[in-house]
>>> print(open('model.csv').read())   # CSV, C-alpha atoms (C1' of nucleotides)
chain,number,residue,atom,x,y,z
E,1,MET,CA,-29.1,-0.3,105.1
E,2,PRO,CA,-26.7,-3.1,104.1
E,3,ALA,CA,-26.2,-4.0,100.5
E,4,PRO,CA,-28.4,-6.9,99.4
E,5,LYS,CA,-26.9,-10.3,100.3
E,6,THR,CA,-26.8,-11.3,96.7
E,7,PRO,CA,-26.1,-8.6,94.1
E,8,PRO,CA,-29.1,-7.9,91.9
E,9,LEU,CA,-28.6,-10.1,88.8
E,10,GLY,CA,-31.3,-8.4,86.8
E,11,LEU,CA,-29.8,-4.9,87.2
E,12,HIS,CA,-26.4,-6.1,86.3
E,13,LEU,CA,-27.7,-7.8,83.1
E,14,ALA,CA,-29.7,-4.7,82.2
E,15,ALA,CA,-26.7,-2.4,82.7
E,16,THR,CA,-24.4,-4.5,80.6
E,17,ALA,CA,-26.9,-4.9,77.9
E,18,LYS,CA,-27.5,-1.2,77.8
E,19,SER,CA,-23.8,-0.4,77.4
E,20,VAL,CA,-23.4,-3.0,74.7
E,21,ARG,CA,-26.5,-2.0,72.9
E,22,ARG,CA,-25.5,1.6,72.9
E,23,ALA,CA,-22.0,0.9,71.6
E,24,PHE,CA,-23.4,-1.3,68.9
E,25,ASP,CA,-26.0,1.3,67.9
E,26,ASP,CA,-23.2,4.0,67.7
E,27,ALA,CA,-21.1,1.7,65.5
E,28,LEU,CA,-24.1,1.1,63.2
E,29,ALA,CA,-24.8,4.8,63.1
E,30,GLY,CA,-21.3,5.3,61.8
E,31,ALA,CA,-22.2,3.2,58.9
E,32,GLY,CA,-25.5,5.0,58.3
E,33,GLY,CA,-27.7,2.6,60.1
E,34,SER,CA,-29.2,1.8,63.5
E,35,LEU,CA,-29.9,-1.3,65.6
E,36,PRO,CA,-33.6,-1.7,64.6
E,37,VAL,CA,-32.8,-1.2,60.9
E,38,TRP,CA,-30.1,-3.8,61.1
E,39,LEU,CA,-32.3,-6.3,62.9
E,40,ILE,CA,-35.0,-5.8,60.2
E,41,LEU,CA,-32.5,-6.2,57.4
E,42,ILE,CA,-31.1,-9.5,58.7
E,43,SER,CA,-34.6,-10.8,59.3
E,44,ILE,CA,-35.6,-10.0,55.8
E,45,LYS,CA,-32.5,-11.5,54.3
E,46,ARG,CA,-32.9,-14.7,56.3
E,47,GLY,CA,-36.0,-15.1,54.3
E,48,ASP,CA,-38.6,-15.2,57.1
E,49,PRO,CA,-42.1,-15.8,55.7
E,50,GLY,CA,-42.4,-12.3,54.5
E,51,ASN,CA,-45.4,-11.0,56.4
E,52,GLN,CA,-44.9,-8.2,58.9
E,53,ARG,CA,-46.3,-10.2,61.8
E,54,ASP,CA,-43.6,-12.8,61.6
E,55,LEU,CA,-41.0,-10.2,60.8
E,56,ALA,CA,-41.9,-8.2,63.9
E,57,ALA,CA,-41.6,-11.3,66.0
E,58,ALA,CA,-38.2,-12.2,64.5
E,59,VAL,CA,-36.9,-8.7,65.3
E,60,GLY,CA,-38.4,-8.7,68.8
E,61,ILE,CA,-40.6,-5.7,68.4
E,62,THR,CA,-44.4,-5.2,68.1
E,63,GLY,CA,-46.2,-4.8,64.8
E,64,ALA,CA,-46.8,-1.1,65.5
E,65,THR,CA,-43.1,-0.5,65.9
E,66,LEU,CA,-42.3,-2.5,62.8
E,67,THR,CA,-44.7,-0.4,60.7
E,68,HIS,CA,-43.0,2.7,61.9
E,69,HIS,CA,-39.6,1.5,60.8
E,70,LEU,CA,-40.8,0.0,57.5
E,71,ASN,CA,-42.4,3.4,56.7
E,72,ALA,CA,-39.0,5.1,57.2
E,73,MET,CA,-37.0,2.5,55.4
E,74,GLU,CA,-39.4,2.5,52.5
E,75,ALA,CA,-39.2,6.3,52.3
E,76,ASP,CA,-35.4,5.9,52.3
E,77,GLY,CA,-35.7,3.5,49.4
E,78,LEU,CA,-34.3,0.5,51.2
E,79,LEU,CA,-37.3,-1.7,50.6
E,80,VAL,CA,-40.8,-2.0,49.0
E,81,ARG,CA,-44.0,-3.4,50.4
E,82,ARG,CA,-46.5,-5.2,48.1
E,83,ARG,CA,-49.8,-6.7,48.9
E,84,ASP,CA,-49.8,-10.5,48.4
E,85,PRO,CA,-52.3,-11.1,45.5
E,86,SER,CA,-53.4,-14.4,47.1
E,87,ASN,CA,-54.1,-12.8,50.4
E,88,ARG,CA,-54.5,-9.1,50.3
E,89,ARG,CA,-54.3,-8.6,54.1
E,90,ILE,CA,-50.6,-9.5,53.9
E,91,GLN,CA,-47.8,-7.1,53.0
E,92,ARG,CA,-44.7,-8.7,51.4
E,93,VAL,CA,-41.5,-6.9,52.2
E,94,GLU,CA,-38.6,-7.0,49.7
E,95,LEU,CA,-35.2,-5.3,49.7
E,96,THR,CA,-34.3,-2.9,46.9
E,97,GLU,CA,-30.8,-2.8,45.6
E,98,ALA,CA,-30.1,0.1,48.0
E,99,GLY,CA,-31.4,-2.1,50.8
E,100,GLU,CA,-29.0,-4.9,49.8
E,101,ASN,CA,-26.1,-2.4,49.7
E,102,THR,CA,-27.0,-1.1,53.2
E,103,PHE,CA,-27.3,-4.7,54.4
E,104,HIS,CA,-23.7,-5.5,53.3
E,105,ARG,CA,-22.3,-2.3,54.7
E,106,LEU,CA,-23.9,-2.9,58.1
E,107,ARG,CA,-22.9,-6.5,58.1
E,108,GLY,CA,-19.3,-5.5,58.1
E,109,THR,CA,-19.8,-3.2,61.0
E,110,ALA,CA,-21.8,-5.8,62.9
E,111,THR,CA,-19.2,-8.5,62.4
E,112,ALA,CA,-16.4,-6.2,63.5
E,113,PHE,CA,-18.4,-5.3,66.6
E,114,ASP,CA,-19.1,-8.8,67.6
E,115,LYS,CA,-15.5,-9.6,67.3
E,116,ARG,CA,-14.6,-6.8,69.6
E,117,LEU,CA,-17.3,-7.9,72.0
E,118,ARG,CA,-15.9,-11.4,72.2
E,119,ALA,CA,-12.3,-10.3,72.7
E,120,GLY,CA,-10.6,-12.2,75.5
E,121,LEU,CA,-13.4,-14.8,75.8
E,122,THR,CA,-12.6,-18.4,75.0
E,123,ALA,CA,-15.0,-20.5,72.9
E,124,GLN,CA,-15.9,-22.4,76.0
E,125,GLU,CA,-16.7,-19.3,77.9
E,126,LEU,CA,-18.9,-18.1,75.0
E,127,ASP,CA,-20.8,-21.5,75.2
E,128,VAL,CA,-21.2,-21.1,78.9
E,129,LEU,CA,-22.5,-17.6,78.5
E,130,ALA,CA,-25.0,-18.5,75.8
E,131,ASP,CA,-26.3,-21.3,78.0
E,132,LEU,CA,-26.7,-19.1,81.0
E,133,LEU,CA,-28.5,-16.4,79.0
E,134,LYS,CA,-30.9,-19.0,77.6
E,135,ARG,CA,-31.6,-20.2,81.1
E,136,LEU,CA,-32.3,-16.7,82.4
E,137,GLN,CA,-34.7,-16.1,79.6
E,138,ALA,CA,-36.5,-19.3,80.5
E,139,ASN,CA,-36.9,-18.1,84.0
E,140,VAL,CA,-39.0,-15.0,83.2
Z,1,MET,CA,-27.0,-17.3,53.0
Z,2,PRO,CA,-25.6,-19.5,55.7
Z,3,ALA,CA,-26.0,-18.6,59.4
Z,4,PRO,CA,-23.0,-16.8,60.7
Z,5,LYS,CA,-20.1,-19.0,61.8
Z,6,THR,CA,-20.4,-17.8,65.4
Z,7,PRO,CA,-23.8,-16.8,66.7
Z,8,PRO,CA,-24.2,-13.1,67.3
Z,9,LEU,CA,-23.4,-12.6,71.0
Z,10,GLY,CA,-24.6,-9.0,71.1
Z,11,LEU,CA,-28.0,-9.8,69.8
Z,12,HIS,CA,-28.4,-12.8,72.1
Z,13,LEU,CA,-27.5,-10.5,75.1
Z,14,ALA,CA,-29.9,-7.8,73.9
Z,15,ALA,CA,-32.8,-10.2,73.4
Z,16,THR,CA,-32.3,-11.8,76.8
Z,17,ALA,CA,-32.0,-8.5,78.6
Z,18,LYS,CA,-35.1,-7.2,76.8
Z,19,SER,CA,-37.2,-10.1,78.0
Z,20,VAL,CA,-35.9,-9.9,81.5
Z,21,ARG,CA,-36.3,-6.1,81.7
Z,22,ARG,CA,-39.8,-6.4,80.4
Z,23,ALA,CA,-40.8,-9.0,82.9
Z,24,PHE,CA,-39.3,-7.0,85.7
Z,25,ASP,CA,-41.0,-3.9,84.7
Z,26,ASP,CA,-44.3,-5.7,84.5
Z,27,ALA,CA,-43.7,-7.1,88.0
Z,28,LEU,CA,-43.0,-3.6,89.3
Z,29,ALA,CA,-46.0,-2.2,87.6
Z,30,GLY,CA,-48.1,-4.7,89.5
Z,31,ALA,CA,-46.8,-3.0,92.7
Z,32,GLY,CA,-47.5,0.5,91.4
Z,33,GLY,CA,-44.0,1.3,90.2
Z,34,SER,CA,-41.7,1.0,87.2
Z,35,LEU,CA,-38.1,0.1,86.5
Z,36,PRO,CA,-36.8,3.7,86.3
Z,37,VAL,CA,-38.7,4.7,89.4
Z,38,TRP,CA,-37.2,1.7,91.2
Z,39,LEU,CA,-33.7,2.5,90.1
Z,40,ILE,CA,-34.1,6.1,91.2
Z,41,LEU,CA,-35.5,5.0,94.6
Z,42,ILE,CA,-32.6,2.6,95.4
Z,43,SER,CA,-30.1,5.2,94.3
Z,44,ILE,CA,-31.5,7.8,96.6
Z,45,LYS,CA,-31.7,5.3,99.5
Z,46,ARG,CA,-28.2,4.3,99.0
Z,47,GLY,CA,-27.4,7.8,100.0
Z,48,ASP,CA,-25.5,8.9,96.8
Z,49,PRO,CA,-24.3,12.5,97.1
Z,50,GLY,CA,-27.7,13.9,96.5
Z,51,ASN,CA,-27.2,15.9,93.4
Z,52,GLN,CA,-29.0,15.0,90.2
Z,53,ARG,CA,-25.9,14.6,88.1
Z,54,ASP,CA,-24.5,11.7,90.3
Z,55,LEU,CA,-28.0,10.3,90.7
Z,56,ALA,CA,-28.5,10.1,86.9
Z,57,ALA,CA,-25.1,8.4,86.6
Z,58,ALA,CA,-26.0,5.9,89.3
Z,59,VAL,CA,-29.2,5.1,87.6
Z,60,GLY,CA,-27.6,4.9,84.2
Z,61,ILE,CA,-29.7,7.6,82.4
Z,62,THR,CA,-29.0,11.1,81.3
Z,63,GLY,CA,-29.7,14.2,83.4
Z,64,ALA,CA,-32.5,15.1,81.0
Z,65,THR,CA,-34.3,11.8,81.6
Z,66,LEU,CA,-33.8,12.0,85.3
Z,67,THR,CA,-35.4,15.5,85.4
Z,68,HIS,CA,-38.4,14.0,83.6
Z,69,HIS,CA,-38.8,11.2,86.2
Z,70,LEU,CA,-38.2,13.5,89.2
Z,71,ASN,CA,-40.9,15.8,87.9
Z,72,ALA,CA,-43.3,13.0,87.8
Z,73,MET,CA,-42.2,11.5,91.2
Z,74,GLU,CA,-42.4,14.9,92.9
Z,75,ALA,CA,-45.9,15.4,91.4
Z,76,ASP,CA,-46.8,12.0,92.9
Z,77,GLY,CA,-45.5,13.1,96.3
Z,78,LEU,CA,-42.7,10.5,96.4
Z,79,LEU,CA,-39.9,13.1,96.9
Z,80,VAL,CA,-39.1,16.7,97.2
Z,81,ARG,CA,-36.3,18.8,95.6
Z,82,ARG,CA,-34.7,21.6,97.5
Z,83,ARG,CA,-31.9,23.9,96.4
Z,84,ASP,CA,-28.7,23.4,98.4
Z,85,PRO,CA,-28.3,26.8,100.2
Z,86,SER,CA,-24.5,26.5,100.0
Z,87,ASN,CA,-24.6,26.0,96.2
Z,88,ARG,CA,-27.8,27.0,94.6
Z,89,ARG,CA,-27.1,25.2,91.4
Z,90,ILE,CA,-27.6,21.9,93.1
Z,91,GLN,CA,-30.9,20.3,93.8
Z,92,ARG,CA,-31.0,18.0,96.8
Z,93,VAL,CA,-33.4,15.1,96.4
Z,94,GLU,CA,-35.1,13.6,99.4
Z,95,LEU,CA,-37.8,10.9,99.8
Z,96,THR,CA,-41.0,11.7,101.5
Z,97,GLU,CA,-42.8,9.2,103.7
Z,98,ALA,CA,-44.8,8.1,100.7
Z,99,GLY,CA,-41.6,7.6,98.8
Z,100,GLU,CA,-40.2,5.5,101.6
Z,101,ASN,CA,-43.4,3.4,101.5
Z,102,THR,CA,-43.1,2.9,97.8
Z,103,PHE,CA,-39.5,1.9,98.2
Z,104,HIS,CA,-40.3,-0.8,100.6
Z,105,ARG,CA,-43.2,-2.1,98.5
Z,106,LEU,CA,-41.1,-2.3,95.4
Z,107,ARG,CA,-38.2,-3.9,97.2
Z,108,GLY,CA,-40.4,-6.9,98.0
Z,109,THR,CA,-41.3,-7.2,94.3
Z,110,ALA,CA,-37.7,-6.8,93.2
Z,111,THR,CA,-36.4,-9.3,95.7
Z,112,ALA,CA,-39.0,-11.9,94.6
Z,113,PHE,CA,-38.2,-11.2,90.9
Z,114,ASP,CA,-34.4,-11.7,91.4
Z,115,LYS,CA,-35.1,-14.9,93.2
Z,116,ARG,CA,-37.2,-16.1,90.3
Z,117,LEU,CA,-34.5,-15.1,87.8
Z,118,ARG,CA,-31.8,-17.0,89.6
Z,119,ALA,CA,-33.9,-20.2,89.8
Z,120,GLY,CA,-31.8,-23.2,88.8
Z,121,LEU,CA,-28.5,-21.4,88.8
Z,122,THR,CA,-25.8,-22.4,91.3
Z,123,ALA,CA,-23.8,-19.8,93.2
Z,124,GLN,CA,-20.8,-20.7,91.1
Z,125,GLU,CA,-22.8,-20.2,87.9
Z,126,LEU,CA,-23.9,-16.8,89.1
Z,127,ASP,CA,-20.3,-15.8,89.8
Z,128,VAL,CA,-19.3,-16.9,86.4
Z,129,LEU,CA,-22.1,-15.0,84.8
Z,130,ALA,CA,-21.3,-11.8,86.7
Z,131,ASP,CA,-17.6,-12.1,85.6
Z,132,LEU,CA,-18.6,-12.7,82.0
Z,133,LEU,CA,-20.9,-9.7,82.0
Z,134,LYS,CA,-18.2,-7.5,83.5
Z,135,ARG,CA,-15.8,-8.5,80.8
Z,136,LEU,CA,-18.3,-7.8,78.1
Z,137,GLN,CA,-18.9,-4.4,79.4
Z,138,ALA,CA,-15.1,-3.8,79.4
Z,139,ASN,CA,-15.0,-4.7,75.7
Z,140,VAL,CA,-17.3,-2.0,74.5
G,1,DG,C1',-74.7,-17.7,50.4
G,2,DT,C1',-74.5,-14.6,54.4
G,3,DC,C1',-72.6,-12.7,58.2
G,4,DA,C1',-70.0,-12.8,62.5
G,5,DA,C1',-65.3,-13.7,63.9
G,6,DA,C1',-60.5,-13.8,63.1
G,7,DA,C1',-56.2,-12.1,60.9
G,8,DC,C1',-53.3,-8.5,59.3
G,9,DA,C1',-51.5,-4.1,59.1
G,10,DA,C1',-51.8,0.9,60.1
G,11,DT,C1',-53.0,4.7,63.2
G,12,DT,C1',-53.2,7.1,67.5
G,13,DG,C1',-51.7,8.3,72.0
G,14,DA,C1',-48.5,7.5,75.5
G,15,DC,C1',-43.8,6.9,77.8
G,16,DA,C1',-38.6,6.5,78.2
G,17,DT,C1',-34.8,7.9,76.3
G,18,DC,C1',-31.1,10.9,74.3
G,19,DA,C1',-28.6,15.1,72.2
G,20,DA,C1',-28.4,19.8,71.9
G,21,DA,C1',-29.5,24.2,73.4
G,22,DG,C1',-30.7,27.4,77.2
G,23,DG,C1',-30.8,29.6,82.0
G,24,DA,C1',-29.0,30.1,86.5
G,25,DT,C1',-25.2,30.0,89.6
G,26,DT,C1',-20.4,29.6,91.0
G,27,DA,C1',-15.3,29.4,90.4
G,28,DG,C1',-11.1,31.2,88.7
G,29,DG,C1',-7.9,34.1,86.3
G,30,DT,C1',-6.3,38.6,85.8
C,1,DA,C1',-13.6,43.4,91.5
C,2,DC,C1',-14.7,41.8,87.0
C,3,DC,C1',-15.8,38.6,83.5
C,4,DT,C1',-15.0,34.5,81.2
C,5,DA,C1',-15.3,29.4,82.2
C,6,DA,C1',-17.3,25.7,84.1
C,7,DT,C1',-21.1,23.4,86.6
C,8,DC,C1',-25.8,22.1,87.3
C,9,DC,C1',-30.3,21.5,86.0
C,10,DT,C1',-34.2,22.2,82.6
C,11,DT,C1',-36.3,22.6,78.1
C,12,DT,C1',-36.9,21.3,73.4
C,13,DG,C1',-37.0,18.2,69.6
C,14,DA,C1',-36.2,13.7,68.0
C,15,DT,C1',-36.3,8.4,68.0
C,16,DG,C1',-37.8,3.9,69.6
C,17,DT,C1',-41.1,1.5,71.9
C,18,DC,C1',-45.7,-0.3,73.4
C,19,DA,C1',-51.1,-0.8,74.1
C,20,DA,C1',-55.3,0.0,72.3
C,21,DT,C1',-58.1,1.2,68.4
C,22,DT,C1',-59.4,1.1,63.5
C,23,DG,C1',-59.9,-0.5,58.8
C,24,DT,C1',-59.5,-4.2,55.3
C,25,DT,C1',-59.7,-8.7,54.0
C,26,DT,C1',-60.5,-13.6,54.7
C,27,DT,C1',-62.4,-17.6,57.1
C,28,DG,C1',-65.8,-20.3,59.1
C,29,DA,C1',-70.3,-21.4,61.1
C,30,DC,C1',-74.8,-21.7,59.9
>>> encode(input="model.csv", output="C-alpha cells")
Amino acid sequence: MPAPKTPPLGLHLAATAKSVRRAFDDALAGAGGSLPVWLILISIKRGDPGNQRDLAAAVGITGATLTHHLNAMEADGLLVRRRDPSNRRIQRVELTEAGENTFHRLRGTATAFDKRLRAGLTAQELDVLADLLKRLQANV
Amino acid sequence: MPAPKTPPLGLHLAATAKSVRRAFDDALAGAGGSLPVWLILISIKRGDPGNQRDLAAAVGITGATLTHHLNAMEADGLLVRRRDPSNRRIQRVELTEAGENTFHRLRGTATAFDKRLRAGLTAQELDVLADLLKRLQANV
DNA sequence: GTCAAAACAATTGACATCAAAGGATTAGGT
DNA sequence: ACCTAATCCTTTGATGTCAATTGTTTTGAC
C-alpha cells in the first residue's frame, strides 16, 4: 500500500494543534490554571454580553461544558454568578478579585507562550498562516 | 482593555483544528467510524511494528487510551490481539476481515474529507502550510 | 389574560483522554 | 542461577467534552 499521493492535511493539522495545545496547557498548569479556565477568563474580561450562552460560544465549548467549569471556578472563588433581575433566566458572570489576579497571572504565561510559539516566524509568515487557517475553517 | 497587539496564534490554531477535527469526526461517524478508530486502522495497515507501544505513539495517544480503543474494536470484531510467543509481554494486533472492510470504507470518507478541506488552496499554499505547521510544532 | 412555545441554564449519561499505579514477563548484572 | 531493573500492557481515577433531557422563566399568539 503506497502512501497517499497527497499527505493528509487534516491529520497534520490535528497533530500540530494537539502538541501545541498540550504544551500551552502545561504552561498554564504551571501558573495554576488550565486552557479552558484561561479561555473563560479572557472571554469574561473582554466584556462579552455576560450570559452563559454567549460566553460558551466565545470560548468554543457547549453550554453544558461551560456550566461545569463555572461551577469549579465559582467553588474556587474566581467568579460569582448572579441572576439578572430584569430577566431571571440569565446568569450574569463576574470575576472576583481572586479571579482578576488569576487572569493577570495567566496572561503572563500565555503571552510568553505565544512568543515562544512564534519564534522564527516573520510577520508576513504569520499573516499567511492566519489566512490559511481561516480558509481551512471555511472549508469544513 | 485593548486587544492584544498580536492576535493569539495558539488560540487561532486550536479553534481551527477543533472545527476541522469535529467535522472530520462527524464524517467518519456517518461511515460507522470515528477519528481514533480511523487513526488506529491506518497505523495498523501501515504495518507499524505491531506492538501497542509503537501503535499508540503513531496514533498520538497514550498506551492507556489505546488499550481502551483496542478493547472496543476487538469486541466489535475489527481486530484480534495475540501474545507474541517469542516475547509474551507484547500484544500483536491484527485486523480481521471486518476490520479490513471498515478500513476501506473509512478511507473513502477520509479521502473525500481531505479533498474538501483543501478546496481553494494551491499546491504551493499547501506546501507553505505544511512547512509552517512543522515549524510551530518544533517551537513547543 | 391564558397558555403553548421559546430561551436559558443545569443535570445526566456517555466517550476520549491522560497520569499514576499495578501485574506479568524479560533482560542484565553479579 | 538469582534477583533487581526495565519493558509492556492494563486498570483506576480524574478531567474535558458533548448530546439529550429537565426545570425555570419569559415571550407571543390567540
>>> interface_residues(input="model.csv", of="chain G", to="chain Z", cutoff="8 Å", atoms="only C-alpha atoms (C1' of nucleotides)", output="NGL selection string")
:G and (16-18 or 24-26)
>>> closest_atom_pairs(input="model.csv", of="chain E", to="chain Z", cutoff="7 Å", atoms="only C-alpha atoms", output="Markdown table")
| residue | atom | partner | partner_atom | distance |
| --- | --- | --- | --- | --- |
| E:Pro8 | CA | Z:Asp114 | CA | 6.5 |
| E:Leu9 | CA | Z:Asp114 | CA | 6.6 |
| E:Gly10 | CA | Z:Asp114 | CA | 6.5 |
| E:Leu13 | CA | Z:Ala17 | CA | 6.3 |
| E:Ala14 | CA | Z:Ala17 | CA | 5.7 |
| E:Thr16 | CA | Z:Gln137 | CA | 5.6 |
| E:Ala17 | CA | Z:Ala14 | CA | 5.8 |
| E:Ser19 | CA | Z:Gln137 | CA | 6.6 |
| E:Val20 | CA | Z:Val140 | CA | 6.2 |
| E:Arg21 | CA | Z:Ala14 | CA | 6.8 |
| E:Ala23 | CA | Z:Val140 | CA | 6.2 |
| E:Asp114 | CA | Z:Gly10 | CA | 6.5 |
| E:Arg116 | CA | Z:Asn139 | CA | 6.5 |
| E:Leu117 | CA | Z:Asn139 | CA | 5.4 |
| E:Ala119 | CA | Z:Asn139 | CA | 6.9 |
| E:Leu129 | CA | Z:Leu129 | CA | 6.8 |
| E:Leu133 | CA | Z:Thr16 | CA | 6.4 |
| E:Leu136 | CA | Z:Leu117 | CA | 6.0 |
| E:Gln137 | CA | Z:Thr16 | CA | 5.7 |
| E:Asn139 | CA | Z:Leu117 | CA | 5.4 |
| E:Val140 | CA | Z:Val20 | CA | 6.2 |
>>> atom_distance(input="model.csv", atom1="atom CA of Leu79 of chain E", atom2="atom CA of Glu100 of chain E")
8.9 Å
>>> atom_distance(input="model.csv", atom1="atom C1' of DA4 of chain G", atom2="atom C1' of DA20 of chain C")
21.8 Å
>>> residues_around(input="model.csv", residues="DT10 of chain C", least_positions_apart="5", cutoff="9 Å", atoms="all atoms listed in the file", output="list in words")
Ala64 and Thr67 of chain Z; DG22 and DG23 of chain G
>>> calpha_fit_and_write(input="model.csv", fixed="chain E", moving="chain Z", output="tab-separated table (two decimals) with C-alpha atoms, in the frame of the given file")
chain	number	residue	atom	x	y	z
Z	1	MET	CA	-29.03	-0.13	104.86
Z	2	PRO	CA	-26.69	-2.92	103.96
Z	3	ALA	CA	-26.16	-3.97	100.32
Z	4	PRO	CA	-28.35	-6.85	99.40
Z	5	LYS	CA	-27.03	-10.30	100.33
Z	6	THR	CA	-26.83	-11.34	96.67
Z	7	PRO	CA	-26.14	-8.70	94.07
Z	8	PRO	CA	-29.09	-7.92	91.84
Z	9	LEU	CA	-28.61	-10.11	88.75
Z	10	GLY	CA	-31.35	-8.42	86.74
Z	11	LEU	CA	-29.91	-5.00	87.11
Z	12	HIS	CA	-26.38	-6.18	86.33
Z	13	LEU	CA	-27.76	-7.83	83.09
Z	14	ALA	CA	-29.72	-4.69	82.18
Z	15	ALA	CA	-26.78	-2.35	82.72
Z	16	THR	CA	-24.44	-4.54	80.69
Z	17	ALA	CA	-26.87	-4.96	77.84
Z	18	LYS	CA	-27.56	-1.21	77.82
Z	19	SER	CA	-23.89	-0.39	77.39
Z	20	VAL	CA	-23.38	-2.99	74.76
Z	21	ARG	CA	-26.54	-2.03	72.83
Z	22	ARG	CA	-25.51	1.57	72.95
Z	23	ALA	CA	-22.07	0.92	71.63
Z	24	PHE	CA	-23.44	-1.23	68.88
Z	25	ASP	CA	-25.93	1.27	67.86
Z	26	ASP	CA	-23.29	3.95	67.76
Z	27	ALA	CA	-21.13	1.67	65.59
Z	28	LEU	CA	-24.04	1.14	63.21
Z	29	ALA	CA	-24.81	4.78	63.09
Z	30	GLY	CA	-21.28	5.37	61.89
Z	31	ALA	CA	-22.19	3.17	58.87
Z	32	GLY	CA	-25.47	4.99	58.24
Z	33	GLY	CA	-27.74	2.55	60.02
Z	34	SER	CA	-29.22	1.73	63.42
Z	35	LEU	CA	-29.87	-1.33	65.54
Z	36	PRO	CA	-33.56	-1.74	64.57
Z	37	VAL	CA	-32.80	-1.19	60.92
Z	38	TRP	CA	-30.08	-3.83	61.16
Z	39	LEU	CA	-32.32	-6.32	62.85
Z	40	ILE	CA	-35.01	-5.77	60.25
Z	41	LEU	CA	-32.47	-6.18	57.40
Z	42	ILE	CA	-31.07	-9.53	58.68
Z	43	SER	CA	-34.57	-10.80	59.28
Z	44	ILE	CA	-35.66	-10.06	55.78
Z	45	LYS	CA	-32.44	-11.57	54.33
Z	46	ARG	CA	-32.90	-14.65	56.29
Z	47	GLY	CA	-35.95	-15.14	54.20
Z	48	ASP	CA	-38.59	-15.26	57.04
Z	49	PRO	CA	-42.09	-15.79	55.62
Z	50	GLY	CA	-42.37	-12.26	54.45
Z	51	ASN	CA	-45.30	-11.02	56.37
Z	52	GLN	CA	-44.93	-8.23	58.89
Z	53	ARG	CA	-46.30	-10.16	61.82
Z	54	ASP	CA	-43.50	-12.87	61.65
Z	55	LEU	CA	-40.95	-10.19	60.80
Z	56	ALA	CA	-41.83	-8.17	63.94
Z	57	ALA	CA	-41.57	-11.37	66.00
Z	58	ALA	CA	-38.19	-12.18	64.51
Z	59	VAL	CA	-36.95	-8.77	65.28
Z	60	GLY	CA	-38.41	-8.78	68.75
Z	61	ILE	CA	-40.66	-5.65	68.44
Z	62	THR	CA	-44.35	-5.16	68.09
Z	63	GLY	CA	-46.18	-4.86	64.76
Z	64	ALA	CA	-46.80	-1.20	65.52
Z	65	THR	CA	-43.08	-0.46	65.86
Z	66	LEU	CA	-42.23	-2.44	62.80
Z	67	THR	CA	-44.76	-0.42	60.71
Z	68	HIS	CA	-42.99	2.72	61.93
Z	69	HIS	CA	-39.55	1.46	60.80
Z	70	LEU	CA	-40.82	0.08	57.47
Z	71	ASN	CA	-42.36	3.44	56.73
Z	72	ALA	CA	-39.10	5.10	57.25
Z	73	MET	CA	-37.05	2.40	55.37
Z	74	GLU	CA	-39.44	2.48	52.41
Z	75	ALA	CA	-39.18	6.31	52.35
Z	76	ASP	CA	-35.39	5.85	52.26
Z	77	GLY	CA	-35.71	3.45	49.32
Z	78	LEU	CA	-34.32	0.45	51.24
Z	79	LEU	CA	-37.41	-1.77	50.59
Z	80	VAL	CA	-40.76	-1.94	49.04
Z	81	ARG	CA	-44.08	-3.35	50.38
Z	82	ARG	CA	-46.49	-5.07	48.08
Z	83	ARG	CA	-49.82	-6.66	48.91
Z	84	ASP	CA	-49.82	-10.43	48.44
Z	85	PRO	CA	-52.38	-10.93	45.59
Z	86	SER	CA	-53.46	-14.27	47.09
Z	87	ASN	CA	-54.21	-12.65	50.49
Z	88	ARG	CA	-54.53	-8.95	50.40
Z	89	ARG	CA	-54.20	-8.55	54.10
Z	90	ILE	CA	-50.57	-9.43	53.92
Z	91	GLN	CA	-47.81	-7.10	52.97
Z	92	ARG	CA	-44.78	-8.71	51.39
Z	93	VAL	CA	-41.53	-6.95	52.21
Z	94	GLU	CA	-38.67	-6.99	49.78
Z	95	LEU	CA	-35.24	-5.26	49.75
Z	96	THR	CA	-34.31	-3.00	46.95
Z	97	GLU	CA	-30.79	-2.80	45.59
Z	98	ALA	CA	-30.10	0.04	47.97
Z	99	GLY	CA	-31.36	-2.08	50.80
Z	100	GLU	CA	-29.07	-4.90	49.78
Z	101	ASN	CA	-26.16	-2.40	49.75
Z	102	THR	CA	-27.01	-1.19	53.19
Z	103	PHE	CA	-27.22	-4.73	54.42
Z	104	HIS	CA	-23.79	-5.54	53.30
Z	105	ARG	CA	-22.33	-2.32	54.72
Z	106	LEU	CA	-23.87	-2.90	58.09
Z	107	ARG	CA	-22.85	-6.53	58.17
Z	108	GLY	CA	-19.20	-5.47	58.09
Z	109	THR	CA	-19.82	-3.15	61.06
Z	110	ALA	CA	-21.75	-5.80	62.96
Z	111	THR	CA	-19.17	-8.48	62.33
Z	112	ALA	CA	-16.35	-6.18	63.55
Z	113	PHE	CA	-18.43	-5.19	66.63
Z	114	ASP	CA	-19.11	-8.86	67.63
Z	115	LYS	CA	-15.46	-9.60	67.26
Z	116	ARG	CA	-14.63	-6.72	69.56
Z	117	LEU	CA	-17.23	-7.87	72.10
Z	118	ARG	CA	-15.88	-11.38	72.25
Z	119	ALA	CA	-12.28	-10.19	72.79
Z	120	GLY	CA	-10.66	-12.18	75.59
Z	121	LEU	CA	-13.36	-14.77	75.86
Z	122	THR	CA	-12.59	-18.41	75.03
Z	123	ALA	CA	-14.95	-20.51	72.94
Z	124	GLN	CA	-15.85	-22.44	76.05
Z	125	GLU	CA	-16.64	-19.22	77.91
Z	126	LEU	CA	-18.89	-18.13	75.09
Z	127	ASP	CA	-20.77	-21.43	75.21
Z	128	VAL	CA	-21.23	-21.08	78.87
Z	129	LEU	CA	-22.48	-17.57	78.52
Z	130	ALA	CA	-24.96	-18.49	75.80
Z	131	ASP	CA	-26.30	-21.36	78.03
Z	132	LEU	CA	-26.60	-19.05	81.01
Z	133	LEU	CA	-28.47	-16.46	79.00
Z	134	LYS	CA	-30.85	-19.09	77.64
Z	135	ARG	CA	-31.64	-20.25	81.11
Z	136	LEU	CA	-32.29	-16.76	82.30
Z	137	GLN	CA	-34.67	-16.16	79.55
Z	138	ALA	CA	-36.49	-19.41	80.50
Z	139	ASN	CA	-36.92	-18.09	84.05
Z	140	VAL	CA	-38.91	-15.05	83.17
>>> atom_distance(input="model.csv", atom1="atom CA of Gly50 of chain Z", atom2="atom CA of Glu94 of chain Z")
8.0 Å
